[in-house]
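Asker: To be precise about what I am sending: the file is called start-v8.csv and holds CSV, C-alpha atoms.
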chain,number,residue,atom,x,y,z
A,280,ILE,CA,-16.9,-11.1,-33.1
A,281,GLN,CA,-20.0,-12.6,-34.9
A,282,ASP,CA,-17.9,-13.2,-38.0
A,283,ARG,CA,-14.7,-14.3,-36.3
A,284,LEU,CA,-15.1,-16.4,-33.2
A,285,GLY,CA,-11.5,-17.3,-32.4
A,286,GLY,CA,-8.7,-15.2,-31.1
A,287,PRO,CA,-6.6,-15.6,-34.3
A,288,GLY,CA,-9.5,-14.5,-36.5
A,289,ILE,CA,-10.0,-11.3,-34.6
A,290,ASN,CA,-6.3,-10.8,-34.3
A,291,MET,CA,-6.1,-10.8,-38.1
A,292,VAL,CA,-8.9,-8.2,-38.4
A,293,LEU,CA,-7.0,-6.0,-36.0
A,294,PHE,CA,-3.7,-6.6,-37.7
A,295,SER,CA,-5.2,-5.7,-41.1
A,296,ARG,CA,-6.6,-2.5,-39.6
A,297,TYR,CA,-3.2,-1.3,-38.4
A,298,ALA,CA,-0.9,-3.1,-40.9
A,299,ASP,CA,0.8,0.0,-42.0
A,300,ARG,CA,2.1,0.6,-38.4
A,301,ASP,CA,3.8,-2.8,-37.9
A,302,PRO,CA,1.4,-3.9,-35.1
A,303,ILE,CA,1.9,-6.7,-32.6
A,304,ILE,CA,-1.5,-8.1,-31.6
A,305,VAL,CA,-2.0,-10.2,-28.5
A,306,GLY,CA,-5.5,-11.7,-28.2
A,307,THR,CA,-7.7,-14.1,-26.3
A,308,GLY,CA,-10.6,-16.2,-27.4
A,309,LEU,CA,-14.2,-16.0,-26.3
A,310,LEU,CA,-13.9,-18.9,-23.9
A,311,THR,CA,-10.3,-18.1,-22.7
A,312,GLY,CA,-10.3,-18.4,-18.9
A,313,THR,CA,-13.4,-20.5,-18.6
A,314,PHE,CA,-13.7,-24.2,-17.8
A,315,CYS,CA,-14.2,-25.1,-21.4
A,316,PRO,CA,-11.6,-27.7,-22.5
A,317,SER,CA,-8.7,-26.3,-24.5
A,318,SER,CA,-9.7,-22.7,-23.9
A,319,CYS,CA,-6.7,-21.4,-21.9
A,320,LEU,CA,-4.8,-20.1,-24.9
A,321,GLY,CA,-3.9,-16.7,-26.1
A,322,VAL,CA,-2.2,-15.8,-29.4
A,323,ILE,CA,0.3,-13.3,-30.7
A,324,THR,CA,-0.1,-12.2,-34.3
A,325,ALA,CA,2.5,-10.1,-36.1
A,326,LYS,CA,4.7,-10.0,-39.2
A,327,SER,CA,7.7,-12.4,-38.8
A,328,PRO,CA,11.1,-10.8,-39.3
A,329,LEU,CA,12.2,-14.3,-40.5
A,330,ASN,CA,10.0,-14.7,-43.5
A,331,GLY,CA,8.0,-11.4,-43.8
A,332,SER,CA,4.7,-13.3,-43.4
A,333,VAL,CA,2.0,-12.6,-40.9
A,334,CYS,CA,2.2,-15.4,-38.3
A,335,HIS,CA,0.5,-16.6,-35.1
A,336,ALA,CA,2.2,-17.9,-32.0
A,337,PRO,CA,0.1,-19.6,-29.3
A,338,LEU,CA,0.5,-18.6,-25.6
A,339,THR,CA,0.3,-22.0,-23.8
A,340,TRP,CA,1.0,-21.2,-20.2
A,341,GLN,CA,-1.1,-18.8,-18.1
A,342,THR,CA,-0.6,-15.6,-20.0
A,343,GLY,CA,-3.7,-15.8,-22.1
A,344,ILE,CA,-5.9,-16.4,-19.1
A,345,GLU,CA,-4.2,-13.7,-17.1
A,346,LEU,CA,-4.7,-11.2,-19.9
A,347,LYS,CA,-8.4,-12.0,-20.0
A,348,LEU,CA,-8.7,-11.6,-16.2
A,349,THR,CA,-7.1,-8.1,-16.4
A,350,GLY,CA,-10.2,-7.0,-18.2
A,351,PHE,CA,-8.6,-6.8,-21.7
A,352,ASP,CA,-9.3,-9.3,-24.5
A,353,PHE,CA,-6.9,-7.9,-27.1
A,354,LEU,CA,-3.8,-5.7,-27.1
A,355,VAL,CA,-2.7,-3.7,-30.2
A,356,ILE,CA,0.9,-2.6,-29.8
A,357,LEU,CA,2.0,0.1,-32.2
A,358,GLY,CA,4.9,2.4,-32.7
A,359,LYS,CA,8.3,2.4,-31.0
A,360,SER,CA,9.4,3.8,-27.6
A,361,GLU,CA,12.5,6.0,-27.4
A,362,LYS,CA,13.6,4.1,-24.3
A,363,PRO,CA,13.1,0.6,-22.9
A,364,VAL,CA,9.5,0.2,-21.6
A,365,ARG,CA,7.1,-2.4,-20.4
A,366,LEU,CA,3.3,-2.6,-20.4
A,367,TRP,CA,1.6,-3.4,-17.1
A,368,PHE,CA,-2.0,-4.6,-17.3
A,369,HIS,CA,-4.0,-5.0,-14.1
A,370,ASP,CA,-7.5,-4.2,-12.7
A,371,GLU,CA,-8.8,-2.9,-16.1
A,372,LEU,CA,-5.8,-0.5,-16.2
A,373,ALA,CA,-2.9,-0.3,-18.6
A,374,ASP,CA,0.3,1.4,-17.6
A,375,LEU,CA,3.4,2.2,-19.6
A,376,GLU,CA,6.5,1.9,-17.4
A,377,ASP,CA,10.2,2.5,-17.8
A,378,SER,CA,12.2,-0.7,-18.1
A,379,SER,CA,15.8,0.7,-18.2
A,380,GLU,CA,16.6,-1.2,-14.9
A,381,VAL,CA,16.0,-4.6,-16.5
A,382,TRP,CA,17.2,-3.9,-20.1
A,383,GLY,CA,20.1,-6.3,-20.6
A,384,ARG,CA,18.8,-8.9,-18.1
A,385,ASP,CA,17.7,-12.4,-19.1
A,386,THR,CA,14.1,-13.6,-18.9
A,387,TRP,CA,14.5,-15.2,-15.5
A,388,GLU,CA,15.9,-12.1,-13.9
A,389,THR,CA,13.3,-9.9,-15.6
A,390,THR,CA,10.4,-12.2,-14.5
A,391,ASP,CA,11.7,-12.2,-10.9
A,392,TYR,CA,12.0,-8.4,-11.0
A,393,LEU,CA,8.5,-7.9,-12.3
A,394,ARG,CA,7.0,-10.2,-9.6
A,395,LYS,CA,8.9,-8.5,-6.9
A,396,GLU,CA,8.1,-5.0,-8.3
A,397,HIS,CA,4.4,-5.7,-8.2
A,398,GLY,CA,4.5,-7.8,-5.0
A,399,ASP,CA,2.8,-10.8,-6.5
A,400,ASP,CA,4.3,-14.2,-7.5
A,401,PHE,CA,1.4,-14.8,-9.9
A,402,VAL,CA,2.2,-12.0,-12.2
A,403,GLN,CA,2.5,-13.5,-15.7
A,404,ALA,CA,4.8,-11.9,-18.3
A,405,LEU,CA,5.6,-12.0,-22.0
A,406,VAL,CA,9.3,-11.0,-21.9
A,407,ILE,CA,12.4,-10.8,-24.0
A,408,GLY,CA,16.1,-11.3,-23.1
A,409,PRO,CA,19.2,-9.8,-24.6
A,410,ALA,CA,18.6,-11.6,-28.0
A,411,GLY,CA,15.3,-9.8,-28.4
A,412,GLU,CA,16.8,-6.5,-27.3
A,413,ASN,CA,19.5,-6.9,-29.9
A,414,GLN,CA,16.8,-7.8,-32.5
A,415,VAL,CA,18.3,-11.2,-33.3
A,416,LYS,CA,15.8,-12.6,-35.9
A,417,LEU,CA,15.4,-15.9,-34.1
A,418,ALA,CA,14.7,-14.3,-30.7
A,419,GLN,CA,11.6,-15.6,-28.9
A,420,VAL,CA,9.1,-13.9,-26.7
A,421,SER,CA,9.2,-16.0,-23.5
A,422,GLU,CA,6.3,-16.7,-21.2
A,423,ASN,CA,7.7,-15.9,-17.8
A,424,TYR,CA,11.0,-17.9,-17.3
A,425,TRP,CA,10.5,-20.3,-20.1
A,426,GLY,CA,10.5,-20.0,-23.9
A,427,SER,CA,7.3,-20.3,-25.8
A,428,LYS,CA,5.9,-22.1,-28.9
A,429,GLU,CA,6.8,-19.0,-30.9
A,430,LYS,CA,9.4,-19.8,-33.6
A,431,VAL,CA,9.0,-16.8,-35.9
A,432,GLY,CA,11.1,-14.1,-34.2
A,433,PHE,CA,8.5,-12.1,-32.3
A,434,GLY,CA,11.2,-11.4,-29.6
A,435,SER,CA,13.0,-9.4,-32.3
A,436,LEU,CA,9.8,-7.3,-32.8
A,437,PHE,CA,9.6,-6.5,-29.1
A,438,GLY,CA,13.2,-5.4,-29.3
A,439,GLN,CA,12.5,-3.2,-32.3
A,440,LYS,CA,9.8,-1.4,-30.3
A,441,ASN,CA,12.0,-1.2,-27.1
A,442,LEU,CA,9.3,-3.3,-25.4
A,443,LYS,CA,11.0,-5.4,-22.7
A,444,ALA,CA,7.9,-7.1,-21.3
A,445,ILE,CA,4.1,-7.2,-21.0
A,446,ALA,CA,3.3,-7.9,-17.4
A,447,LEU,CA,-0.2,-9.2,-16.5
A,448,ARG,CA,-2.1,-9.7,-13.3
A,449,GLY,CA,-5.8,-10.3,-13.5
A,450,LEU,CA,-7.9,-10.3,-10.4
A,451,GLY,CA,-11.2,-10.1,-12.3
A,452,ALA,CA,-13.8,-12.8,-12.8
A,453,LEU,CA,-15.6,-14.1,-15.8
A,454,GLU,CA,-19.4,-14.6,-15.7
A,455,VAL,CA,-20.8,-17.6,-17.6
A,456,ALA,CA,-24.4,-18.8,-18.1
A,457,ASP,CA,-26.1,-21.1,-15.7
A,458,GLY,CA,-25.2,-24.7,-16.6
A,459,PHE,CA,-22.0,-23.7,-18.4
A,460,PHE,CA,-19.7,-25.4,-15.8
A,461,GLU,CA,-21.7,-28.6,-15.9
A,462,ALA,CA,-21.7,-28.6,-19.7
A,463,CYS,CA,-17.9,-28.2,-19.7
A,464,ASN,CA,-17.5,-31.0,-17.3
A,465,GLN,CA,-19.6,-33.3,-19.5
A,466,LEU,CA,-17.5,-32.3,-22.6
A,467,THR,CA,-14.3,-32.9,-20.8
A,468,SER,CA,-15.5,-36.4,-19.7
A,469,LYS,CA,-16.4,-37.2,-23.3
A,470,ILE,CA,-13.0,-36.1,-24.6
A,471,LYS,CA,-11.3,-38.3,-21.9
A,472,GLN,CA,-13.4,-41.3,-22.9
A,473,GLY,CA,-12.8,-40.8,-26.6
A,474,ILE,CA,-16.4,-40.3,-27.4
A,475,PRO,CA,-17.1,-38.5,-30.7
A,476,LEU,CA,-18.3,-35.0,-30.1
A,477,PHE,CA,-20.1,-34.5,-33.4
Represent the structure of the file as structure tokens.

Answerer:
Amino acid sequence: IQDRLGGPGINMVLFSRYADRDPIIVGTGLLTGTFCPSSCLGVITAKSPLNGSVCHAPLTWQTGIELKLTGFDFLVILGKSEKPVRLWFHDELADLEDSSEVWGRDTWETTDYLRKEHGDDFVQALVIGPAGENQVKLAQVSENYWGSKEKVGFGSLFGQKNLKAIALRGLGALEVADGFFEACNQLTSKIKQGIPLF
């Protein structure tokens, strides 16, 4: 962490450590989930089935924050399941659950199912539809109902691993130093006014 401050930097260290096992890394930054401007993102890192290069895809909705609040900063997904599964992260716990009942469903149906299953409309999900399940190289990982900024076929990688979804619900809290909130407000104000930061 001292050498690599950002989520993508640490993701790359983790990817390199497990490169021979075709990992999918999902990471957050040190400030993810705080009031610091532009700190809500998470990032997925994996080898693209489209070009064979290691690529990053930003998570721009609530999934990065939700991951952080579950008590996990990084996920390293290895191997392949023999049957459709999903990961469920909550309350500093990680569960592997059967997903046969939603295999074949689209992202909307799957997101609705996950929220109903866990009794919480605020569950955030990284999910694939039939294109990902069938390992179409252009398949996206969607954030809940919608697509994502991911354009490198990570949905296909989820399909290869028989991973239908990663469901997240974080009820934790982040502790920050005294004065941090005020400093973030001042920074936000400068950004809005166009004042140079450095």

Asker: Calculated over only C-alpha atoms, which of the candidates A:Asn290, A:Ser421, A:Thr311, A:Thr386 has the smallest distance to A:Gly350?

Answerer: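 Once distances to A:Gly350 are computed over only C-alpha atoms, the minimum belongs to A:Thr311.
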
Asker: Quick check, in Å to one decimal: how far apart do atom CA of A:Val305 and atom CA of A:Lys443 lie?

Answerer: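 Rounded to one decimal, the two atoms are 15.0 Å apart.
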
Asker: Using all atoms listed in the file, pick whichever of A:Pro316, A:Leu329, A:Gly358, A:Gly451 has the shortest atom-to-atom distance to A:Lys471.

Answerer: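 Nearest to A:Lys471: A:Pro316.
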
Asker: May I ask for the distance between atom CA of A:Ser318 and atom CA of A:Pro287, given in Å to one decimal place?

Answerer: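 Interatomic distance here is 13.0 Å.
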
Asker: Considering only C-alpha atoms, return as a ChimeraX atom specification whatever protein or nucleic-acid residues lie within 7 Å of stretch 397-402 of chain A, sequence-local ones (same chain, fewer than 3 positions apart) excluded.

Answerer: /A:393-394,446-448

Asker: Quote the spacing between atom CA of A:Lys326 and atom CA of A:Ala373 in Å to one decimal place.

Answerer: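 Between atom CA of A:Lys326 and atom CA of A:Ala373 the gap is 24.0 Å.
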
Asker: So which one's closest to A:Glu388, A:Asn413, A:Ser468, A:Asn423, A:Gln341? Using only C-alpha atoms, please.

Answerer: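 Distance minimum relative to A:Glu388 lands on A:Asn423.
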
Asker: Counting all atoms listed in the file, note down every residue that has an atom within 9 Å of the point (-1.1, -11.2, -31.0) (file coordinates), as a PyMOL selection string.

Answerer: chain A and resi 286-287+290-291+294+302-307+321-325+335-337+353-356

Asker: Using all atoms listed in the file, which residue out of A:Gly308, A:Gly331, A:Gly383, A:Gly426 lies closest to A:Asp352?

Answerer: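 For A:Asp352, the nearest of the candidates is A:Gly308.
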
Asker: Select, from A:Trp387, A:Phe351, A:Phe433, A:Tyr424, the residue with the minimum atom-to-atom distance to A:Cys334, counting only C-alpha atoms.

Answerer: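 Checking each of A:Trp387, A:Phe351, A:Phe433, A:Tyr424 against A:Cys334, counting only C-alpha atoms, the winner is A:Phe433.
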
Asker: Smallest atom-to-atom distance to A:Ala452: which of A:Ser327, A:Ser295, A:Ser332, A:Thr349, using only C-alpha atoms?

Answerer: A:Thr349

Asker: Please, which residues are within 6 Å of (-3.8, -20.5, -25.6) by the file's coordinates, counting all atoms listed in the file, and could they come as a PDB file with C-alpha atoms, keeping the file's coordinate frame?

Answerer:
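So the final result, stored in out.pdb, reads:
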ATOM      1  CA  CYS A 319      -6.700 -21.400 -21.900  1.00  0.00           C
ATOM      2  CA  LEU A 320      -4.800 -20.100 -24.900  1.00  0.00           C
ATOM      3  CA  GLY A 321      -3.900 -16.700 -26.100  1.00  0.00           C
ATOM      4  CA  PRO A 337       0.100 -19.600 -29.300  1.00  0.00           C
ATOM      5  CA  LEU A 338       0.500 -18.600 -25.600  1.00  0.00           C
ATOM      6  CA  THR A 339       0.300 -22.000 -23.800  1.00  0.00           C
ATOM      7  CA  GLY A 343      -3.700 -15.800 -22.100  1.00  0.00           C
TER       8      GLY A 343
END

Asker: As a PyMOL selection string, please: the residues near A:Ser435 (cut-off 12 Å, all atoms listed in the file, same-chain neighbours under 3 positions excluded).

Answerer: chain A and resi 303+325-329+406-421+429-432+438-443

Asker: Could you add the missing atoms to stretch 393-420 of chain A, up to N, CA and C atoms, and return them as a short mmCIF file (atom, residue, chain, number, x, y, z; two decimals), in the frame of the given file?

Answerer:
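In the end it all went to rebuild.cif:
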data_model
loop_
_atom_site.label_atom_id
_atom_site.label_comp_id
_atom_site.auth_asym_id
_atom_site.auth_seq_id
_atom_site.Cartn_x
_atom_site.Cartn_y
_atom_site.Cartn_z
N LEU A 393 9.85 -8.33 -12.12
CA LEU A 393 8.50 -7.90 -12.30
C LEU A 393 7.58 -8.39 -11.14
N ARG A 394 7.78 -9.62 -10.73
CA ARG A 394 7.00 -10.20 -9.60
C ARG A 394 7.29 -9.48 -8.32
N LYS A 395 8.56 -9.18 -8.09
CA LYS A 395 8.90 -8.50 -6.90
C LYS A 395 8.42 -7.02 -6.93
N GLU A 396 8.56 -6.38 -8.08
CA GLU A 396 8.10 -5.00 -8.30
C GLU A 396 6.63 -4.83 -7.97
N HIS A 397 5.85 -5.81 -8.42
CA HIS A 397 4.40 -5.70 -8.20
C HIS A 397 3.90 -6.49 -7.04
N GLY A 398 4.83 -7.11 -6.29
CA GLY A 398 4.50 -7.80 -5.00
C GLY A 398 3.56 -8.96 -5.19
N ASP A 399 3.74 -9.71 -6.29
CA ASP A 399 2.80 -10.80 -6.50
C ASP A 399 3.52 -11.88 -7.38
N ASP A 400 3.67 -13.07 -6.82
CA ASP A 400 4.30 -14.20 -7.50
C ASP A 400 3.49 -14.73 -8.67
N PHE A 401 2.24 -14.29 -8.79
CA PHE A 401 1.40 -14.80 -9.90
C PHE A 401 1.33 -13.87 -11.06
N VAL A 402 2.13 -12.79 -11.05
CA VAL A 402 2.20 -12.00 -12.20
C VAL A 402 2.75 -12.82 -13.38
N GLN A 403 2.07 -12.74 -14.53
CA GLN A 403 2.50 -13.50 -15.70
C GLN A 403 3.13 -12.45 -16.68
N ALA A 404 4.13 -12.88 -17.43
CA ALA A 404 4.80 -11.90 -18.30
C ALA A 404 5.18 -12.53 -19.63
N LEU A 405 5.06 -11.70 -20.64
CA LEU A 405 5.60 -12.00 -22.00
C LEU A 405 6.89 -11.09 -21.99
N VAL A 406 8.03 -11.72 -22.13
CA VAL A 406 9.30 -11.00 -21.90
C VAL A 406 10.36 -11.42 -22.88
N ILE A 407 11.28 -10.50 -23.13
CA ILE A 407 12.40 -10.80 -24.00
C ILE A 407 13.71 -10.69 -23.18
N GLY A 408 14.73 -11.39 -23.65
CA GLY A 408 16.10 -11.30 -23.10
C GLY A 408 16.96 -10.48 -24.02
N PRO A 409 18.27 -10.57 -23.82
CA PRO A 409 19.20 -9.80 -24.60
C PRO A 409 19.12 -10.10 -26.15
N ALA A 410 18.76 -11.33 -26.53
CA ALA A 410 18.60 -11.60 -28.00
C ALA A 410 17.53 -10.78 -28.59
N GLY A 411 16.39 -10.68 -27.93
CA GLY A 411 15.30 -9.80 -28.40
C GLY A 411 15.69 -8.37 -28.44
N GLU A 412 16.33 -7.93 -27.37
CA GLU A 412 16.80 -6.50 -27.30
C GLU A 412 17.68 -6.16 -28.45
N ASN A 413 18.54 -7.11 -28.84
CA ASN A 413 19.50 -6.90 -29.90
C ASN A 413 18.90 -7.24 -31.30
N GLN A 414 17.60 -7.55 -31.31
CA GLN A 414 16.80 -7.80 -32.50
C GLN A 414 17.40 -8.96 -33.36
N VAL A 415 17.88 -9.99 -32.64
CA VAL A 415 18.30 -11.20 -33.30
C VAL A 415 17.01 -11.82 -33.92
N LYS A 416 17.04 -12.15 -35.19
CA LYS A 416 15.80 -12.60 -35.90
C LYS A 416 15.17 -13.81 -35.33
N LEU A 417 15.93 -14.66 -34.65
CA LEU A 417 15.40 -15.90 -34.10
C LEU A 417 14.88 -15.70 -32.64
N ALA A 418 15.00 -14.50 -32.10
CA ALA A 418 14.70 -14.30 -30.70
C ALA A 418 13.19 -14.55 -30.41
N GLN A 419 12.95 -15.25 -29.31
CA GLN A 419 11.60 -15.60 -28.90
C GLN A 419 11.05 -14.59 -27.88
N VAL A 420 9.74 -14.50 -27.83
CA VAL A 420 9.10 -13.90 -26.70
C VAL A 420 8.85 -15.07 -25.71
#
